[in-house]
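Q: The structure under discussion is supplied below as structure tokens; questions concerning it will follow.
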There are 2 protein chains.
Amino acid sequence: MIFGAVEIGGTKTDMSVGTSYEDMADPVRISTTDPDETIGRIIEFFADHEVAAVGVASFGPLHLSPSSSRIGTMMFTPKPGWSGTPLHHRLSEGLGLPVTIDTDVNGAARGEGRWGAAQGMSNFVYVTVGTGIGAGVVVGGQPIGGERHPEAGHIVVRRHPDDRHEGSCPYHGDCLEGLAAGPSLEARFGRPETWPGNDVVLEMTVHYLAQAMVALVYTVAPERIVVGGGVSRLPGLHERLRDRVATLLAGYPETPELDLLISEPGLGDRSGLAGALLLAAAGAP
Amino acid sequence: MIFGAVEIGGTKTDMSVGTSYEDMADPVRISTTDPDETIGRIIEFFADHEVAAVGVASFGPLHLSPSSSRIGTMMFTPKPGWSGTPLHHRLSEGLGLPVTIDTDVNGAARGEGRWGAAQGMSNFVYVTVGTGIGAGVVVGGQPIGGERHPEAGHIVVRRHPDDRHEGSCPYHGDCLEGLAAGPSLEARFGRPETWPGNDVVLEMTVHYLAQAMVALVYTVAPERIVVGGGVSRLPGLHERLRDRVATLLAGYPETPELDLLISEPGLGDRSGLAGALLLAAAGAP
């Protein structure tokens, strides 16, 4: 059975088809513009493909309570035009197919759990660090979701003593996302192309992300934390992050080897699409 | 069927018997001294009671992996004499009964989920604030545990600008527990009897605990956080904590009413014993 997979990010949307991650076609990428245009182009794409069902991993926050009539509707989001968009409804009407939707990070977590760096684990986390910071938190084999879902990008962090940035989060100012996501780094350090090799960028990012790793270790006790997203591809980030987390945990409680705990994604930037395939399969007739 | 319940805390141990929380006898309290004496007195207590099985909610950290031969063994703990104590083994041998063990906070979470403030909820957290700070994190109806369990007392927090205390945690210094648990408050403000009505104590405690609530909301998305333990009984703590958490969340994402989210325990200081009864029932033949 062939399934459709869509990952809707804040800036780009990827689409593909396949029976499984192993035979998934190279994704087609479009810009995420306004909802009308973006949803229209998704519907167009699948008009050319015979699929049994479509899975969607989308930026949010989303209403995901199974009992809610607003399931798959976008909550308030700073992305212009998207607040209140009934994403699930419009896609399933437009496609005439079963559509199953989850958050982008839960999608990526599902993909990594099935085919990537968290295979066989029942408690793990997928963290993305890009335009925003988010986490898909899997406990007992299932991503936490439904009525509410984690928003791990918005935890309170201890500021770096040399950091004068007021913070870029429209809600919290200097929460984790306001200090370590792409826009906040751009505000301090300029264009992303200039970041690799700049030790201050790496140090600042690791200072904040390490605190998030500690919060996740101490609240959900995961077997692994997979760290992906554009900012995570800064050269040397995973290594320094492991060192810093080890320092912060200070050996309490007896912890697993940190090179096993903190991992790069096994599926590169296709974790979310892989998870969308799984969502499609779960919703197929 | 009559069950035995034990809650082993860092300073005191409570024991009781019952078929359920509703008919549980008033607990007998002893001091938690060294392991030999404490375990001896627990065995003595149940020699006088006909019980089918015993449940234990204990301070930790504990080895709780079901596959480990060290299940129920105390890991390294600052409490003198207890590191490495094979608690489960010694109790089940000494009692000649099935013994089921979990962390103190998971025990309390189980009790609150069945008979207390989190009845009918599948995702919730029990936080204790006393000699230490810990959290039992329930997801999908089950406390996170096994190979590793949460240690939410040790997250990194942003310091209060007026706080000069270096922090009392032997591992991390000024982590949450190092700044907001009983010993750190005593180091700054003297004997606990003097705390009620001292606004600086309340403010300092709330400043730190609110950050933990935010970390829990954003990492595990609970339906409710039950806050218990000795320090939580400071007059006005829950109210001010709700206000501060509302300020920190800043309406993102659309959140439930905070008086529903943050709650006092429904079972007072017997949540852990109630959970221990449930553990006993689960392990009974």
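Identifiers in the structure tokens: chain A, B, ... in order shown; residue index from 1 per chain; ligand index from 1 in order shown.
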Near chain A, which residues of chain B fall within 6 Å when you count only C-alpha atoms, and what do they look like as JSON, numbers by chain?

A: {"B": [148, 149, 150, 151, 152, 155, 158, 215, 218, 219, 220, 221]}

Q: With only C-alpha atoms as the counted atoms, please give the residues lying no more than 8 Å from segment 37-45 of chain B, apart from itself and same-chain residues fewer than 6 positions off, as a PDB file with N, CA, C and O atoms, in the first residue's frame.

A:
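The file below, out39.pdb, is the result:
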```
ATOM      1  N   VAL B   6       4.356   0.633  53.011  1.00  0.00           N
ATOM      2  CA  VAL B   6       5.493   1.279  53.669  1.00  0.00           C
ATOM      3  C   VAL B   6       5.932   2.460  52.825  1.00  0.00           C
ATOM      4  O   VAL B   6       6.091   2.331  51.609  1.00  0.00           O
ATOM      5  N   MET B  15       4.236   3.205  58.125  1.00  0.00           N
ATOM      6  CA  MET B  15       3.780   1.849  57.806  1.00  0.00           C
ATOM      7  C   MET B  15       2.300   1.732  58.125  1.00  0.00           C
ATOM      8  O   MET B  15       1.834   2.295  59.125  1.00  0.00           O
ATOM      9  N   SER B  31      11.549   6.649  62.811  1.00  0.00           N
ATOM     10  CA  SER B  31      12.612   7.410  62.158  1.00  0.00           C
ATOM     11  C   SER B  31      13.329   6.520  61.159  1.00  0.00           C
ATOM     12  O   SER B  31      13.503   5.319  61.404  1.00  0.00           O
ATOM     13  N   ARG B  90      16.223  -7.514  50.792  1.00  0.00           N
ATOM     14  CA  ARG B  90      16.226  -7.697  52.244  1.00  0.00           C
ATOM     15  C   ARG B  90      14.811  -7.709  52.809  1.00  0.00           C
ATOM     16  O   ARG B  90      14.506  -8.459  53.739  1.00  0.00           O
ATOM     17  N   LEU B  91      13.933  -6.892  52.250  1.00  0.00           N
ATOM     18  CA  LEU B  91      12.554  -6.877  52.751  1.00  0.00           C
ATOM     19  C   LEU B  91      11.805  -8.148  52.354  1.00  0.00           C
ATOM     20  O   LEU B  91      11.083  -8.727  53.169  1.00  0.00           O
ATOM     21  N   GLY B  94      13.189 -10.972  54.455  1.00  0.00           N
ATOM     22  CA  GLY B  94      12.862 -10.804  55.865  1.00  0.00           C
ATOM     23  C   GLY B  94      11.374 -10.981  56.150  1.00  0.00           C
ATOM     24  O   GLY B  94      10.978 -11.495  57.200  1.00  0.00           O
ATOM     25  N   LEU B  95      10.544 -10.551  55.213  1.00  0.00           N
ATOM     26  CA  LEU B  95       9.096 -10.636  55.421  1.00  0.00           C
ATOM     27  C   LEU B  95       8.535 -11.975  54.965  1.00  0.00           C
ATOM     28  O   LEU B  95       7.467 -12.398  55.427  1.00  0.00           O
TER      29      LEU B  95
END
```

Q: Considering only C-alpha atoms, can you say which of A:Glu186, A:Glu193, A:Asp243, A:Asp269 comes closest to Leu209 of chain A?

A: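 Result for the nearest residue to Leu209 of chain A: A:Asp243.
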
Q: In Å, with one decimal, what is the gap from atom CA of Gly182 of chain A to atom CA of Val200 of chain A?

A: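 Between atom CA of Gly182 of chain A and atom CA of Val200 of chain A the gap works out to 14.4 Å.
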
Q: Could you name the residues that touch Val129 of chain B at 6 Å or less, counting only C-alpha atoms, but leaving out those on the same chain fewer than 5 positions away, as a PyMOL selection string?

A: chain B and resi 229+231-232

Q: Can you spit out the residues from that selection as a compact mmCIF listing (two decimals), in the first residue's frame, using N, CA and C atoms?

A:
```
# COMPACT_ATOMS: atom_id res chain seq x y z
N GLY B 229 4.37 17.66 50.00
CA GLY B 229 5.62 17.72 50.77
C GLY B 229 5.60 18.87 51.76
N VAL B 231 7.46 21.52 52.57
CA VAL B 231 7.62 22.92 52.17
C VAL B 231 6.37 23.43 51.46
N SER B 232 5.67 22.54 50.77
CA SER B 232 4.47 22.96 50.03
C SER B 232 3.36 23.43 50.95
```

Q: Set the distance at 10 Å and use only C-alpha atoms: which residues neighbour Thr33 of chain B once local chain neighbours fewer than 3 positions away are removed? I'd like the list as number ranges by chain.

A: B: 10-13, 30, 36-39, 79-82

Q: Show which residues sit within 12 Å of Thr205 of chain A, as a PyMOL selection string. Count only C-alpha atoms, and ignore same-chain residues fewer than 3 positions away.

A: chain A and resi 129-130+133+157+159-160+163+176-182+184-186+188-189+195-196+198-202+208-212+231-238+240-241+244

Q: Quick check for you: according to DSSP on this backbone, which residues of segment 180-236 of chain A are classed as strand (DSSP E or B)? Reply as a ChimeraX atom specification.

A: /A:224-228

Q: List the spatial neighbours of Asp14 of chain A as a short mmCIF file (atom, residue, chain, number, x, y, z; two decimals) with N, CA, C and O atoms, in the first residue's frame - criterion: any atom at most 8 Å away, only C-alpha atoms, same-chain residues fewer than 2 positions off excluded.

A:
```cif
data_model
loop_
_atom_site.label_atom_id
_atom_site.label_comp_id
_atom_site.auth_asym_id
_atom_site.auth_seq_id
_atom_site.Cartn_x
_atom_site.Cartn_y
_atom_site.Cartn_z
N VAL A 6 3.60 14.22 4.40
CA VAL A 6 3.79 15.67 4.30
C VAL A 6 4.41 16.16 5.60
O VAL A 6 3.94 15.81 6.69
N GLU A 7 5.46 16.96 5.49
CA GLU A 7 5.98 17.65 6.65
C GLU A 7 5.85 19.15 6.40
O GLU A 7 6.47 19.69 5.49
N ILE A 8 5.00 19.80 7.20
CA ILE A 8 4.79 21.24 7.05
C ILE A 8 5.62 21.95 8.11
O ILE A 8 5.33 21.85 9.30
N LYS A 12 9.34 25.72 5.16
CA LYS A 12 9.24 24.86 3.97
C LYS A 12 8.35 23.65 4.26
O LYS A 12 8.19 23.24 5.42
N SER A 16 6.19 13.52 0.03
CA SER A 16 6.71 12.34 -0.63
C SER A 16 5.69 11.21 -0.57
O SER A 16 4.63 11.36 0.05
N PRO A 27 11.95 13.69 -1.57
CA PRO A 27 10.85 14.62 -1.32
C PRO A 27 10.82 15.80 -2.29
O PRO A 27 11.85 16.21 -2.81
N VAL A 28 9.61 16.28 -2.53
CA VAL A 28 9.41 17.53 -3.25
C VAL A 28 9.24 18.62 -2.22
O VAL A 28 8.48 18.46 -1.26
N ARG A 29 9.97 19.71 -2.37
CA ARG A 29 9.96 20.78 -1.37
C ARG A 29 9.32 22.05 -1.94
O ARG A 29 9.66 22.49 -3.04
N ILE A 30 8.40 22.62 -1.17
CA ILE A 30 7.81 23.92 -1.52
C ILE A 30 7.97 24.85 -0.32
O ILE A 30 8.25 24.40 0.79
N LEU A 273 9.23 13.28 7.70
CA LEU A 273 8.53 12.62 6.59
C LEU A 273 8.36 11.13 6.88
O LEU A 273 7.30 10.55 6.58
#
```

Q: Record the distance separating atom CA of Ala109 of chain A and atom CA of Val226 of chain A, expressed in Å with one decimal.

A: 8.4 Å

Q: Could you pull out the helix (DSSP H, G or I) residues of segment 179-242 of chain B, going by DSSP on the backbone, and write them as a PyMOL selection string?

A: chain B and resi 179-180+182-189+192-194+199-220+230-233+237-242

Q: Okay, now the selection with C-alpha atoms, as an mmCIF file, in the first residue's frame?

A:
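After the write, result12.cif holds the following:
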```cif
data_model
loop_
_atom_site.group_PDB
_atom_site.id
_atom_site.type_symbol
_atom_site.label_atom_id
_atom_site.label_comp_id
_atom_site.auth_asym_id
_atom_site.auth_seq_id
_atom_site.Cartn_x
_atom_site.Cartn_y
_atom_site.Cartn_z
ATOM 1 C CA LEU B 179 17.887 26.302 46.135
ATOM 2 C CA ALA B 180 14.301 25.418 47.099
ATOM 3 C CA GLY B 182 14.079 22.368 52.990
ATOM 4 C CA PRO B 183 17.818 22.309 53.781
ATOM 5 C CA SER B 184 18.560 25.239 51.458
ATOM 6 C CA LEU B 185 15.728 27.261 53.001
ATOM 7 C CA GLU B 186 17.026 26.449 56.479
ATOM 8 C CA ALA B 187 20.523 27.564 55.476
ATOM 9 C CA ARG B 188 19.142 30.968 54.536
ATOM 10 C CA PHE B 189 16.139 31.485 56.777
ATOM 11 C CA PRO B 192 11.098 25.920 59.484
ATOM 12 C CA GLU B 193 8.797 27.092 62.295
ATOM 13 C CA THR B 194 9.812 30.680 61.437
ATOM 14 C CA ASP B 199 7.303 36.730 52.539
ATOM 15 C CA VAL B 200 10.921 36.380 51.456
ATOM 16 C CA VAL B 201 10.812 32.620 52.120
ATOM 17 C CA LEU B 202 7.593 32.285 50.140
ATOM 18 C CA GLU B 203 8.860 34.438 47.291
ATOM 19 C CA MET B 204 12.166 32.593 46.985
ATOM 20 C CA THR B 205 10.477 29.182 47.079
ATOM 21 C CA VAL B 206 7.851 30.154 44.509
ATOM 22 C CA HIS B 207 10.471 31.737 42.240
ATOM 23 C CA TYR B 208 12.215 28.377 41.902
ATOM 24 C CA LEU B 209 9.252 26.005 42.028
ATOM 25 C CA ALA B 210 7.411 27.939 39.323
ATOM 26 C CA GLN B 211 10.289 27.228 36.945
ATOM 27 C CA ALA B 212 9.952 23.516 37.696
ATOM 28 C CA MET B 213 6.219 23.682 36.965
ATOM 29 C CA VAL B 214 7.001 25.345 33.635
ATOM 30 C CA ALA B 215 9.605 22.688 32.822
ATOM 31 C CA LEU B 216 7.055 19.965 33.573
ATOM 32 C CA VAL B 217 4.262 21.650 31.603
ATOM 33 C CA TYR B 218 6.529 22.106 28.600
ATOM 34 C CA THR B 219 8.177 18.666 28.669
ATOM 35 C CA VAL B 220 5.382 16.288 29.704
ATOM 36 C CA GLY B 230 6.472 19.720 53.876
ATOM 37 C CA VAL B 231 7.622 22.919 52.166
ATOM 38 C CA SER B 232 4.470 22.962 50.027
ATOM 39 C CA ARG B 233 2.443 23.525 53.189
ATOM 40 C CA LEU B 237 2.265 28.683 48.471
ATOM 41 C CA HIS B 238 -0.142 27.064 46.000
ATOM 42 C CA GLU B 239 -1.896 30.356 45.234
ATOM 43 C CA ARG B 240 1.289 32.290 44.594
ATOM 44 C CA LEU B 241 2.720 29.398 42.623
ATOM 45 C CA ARG B 242 -0.318 29.425 40.304
#
```

Q: Enter the distance from atom CA of Ala108 of chain B to atom CA of Ala276 of chain B, in Å, rounded to one decimal.

A: 8.0 Å

Q: Nearest to Gly18 of chain A: which of A:Ala280, A:Ala47, A:Ile225, A:Met121 is it, counting only C-alpha atoms?

A: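 The answer is A:Ala280, which sits nearest to Gly18 of chain A.
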
Q: Neighbours of Gly275 of chain B within 6 Å (only C-alpha atoms; same-chain residues fewer than 6 positions away dropped), as a list in words?

A: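 Within the cut-off, the hits are Gly107, Ala108, Arg110 and Gly111 of chain B.
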
Q: How would the residues just chosen look if you wrote them out with N, CA, C and O atoms as a JSON list (two decimals), in the first residue's frame?

A:
```
[["chain", "number", "residue", "atom", "x", "y", "z"],
["B", 107, "GLY", "N", 5.17, 6.34, 44.05],
["B", 107, "GLY", "CA", 4.15, 5.84, 44.97],
["B", 107, "GLY", "C", 3.08, 6.89, 45.22],
["B", 107, "GLY", "O", 1.87, 6.62, 45.11],
["B", 108, "ALA", "N", 3.51, 8.08, 45.56],
["B", 108, "ALA", "CA", 2.55, 9.16, 45.83],
["B", 108, "ALA", "C", 1.71, 9.47, 44.59],
["B", 108, "ALA", "O", 0.50, 9.71, 44.68],
["B", 110, "ARG", "N", 0.90, 7.36, 42.25],
["B", 110, "ARG", "CA", -0.08, 6.28, 42.11],
["B", 110, "ARG", "C", -1.27, 6.50, 43.05],
["B", 110, "ARG", "O", -2.43, 6.31, 42.67],
["B", 111, "GLY", "N", -0.96, 6.88, 44.29],
["B", 111, "GLY", "CA", -2.02, 7.11, 45.26],
["B", 111, "GLY", "C", -2.94, 8.24, 44.85],
["B", 111, "GLY", "O", -4.17, 8.13, 44.89]]
```
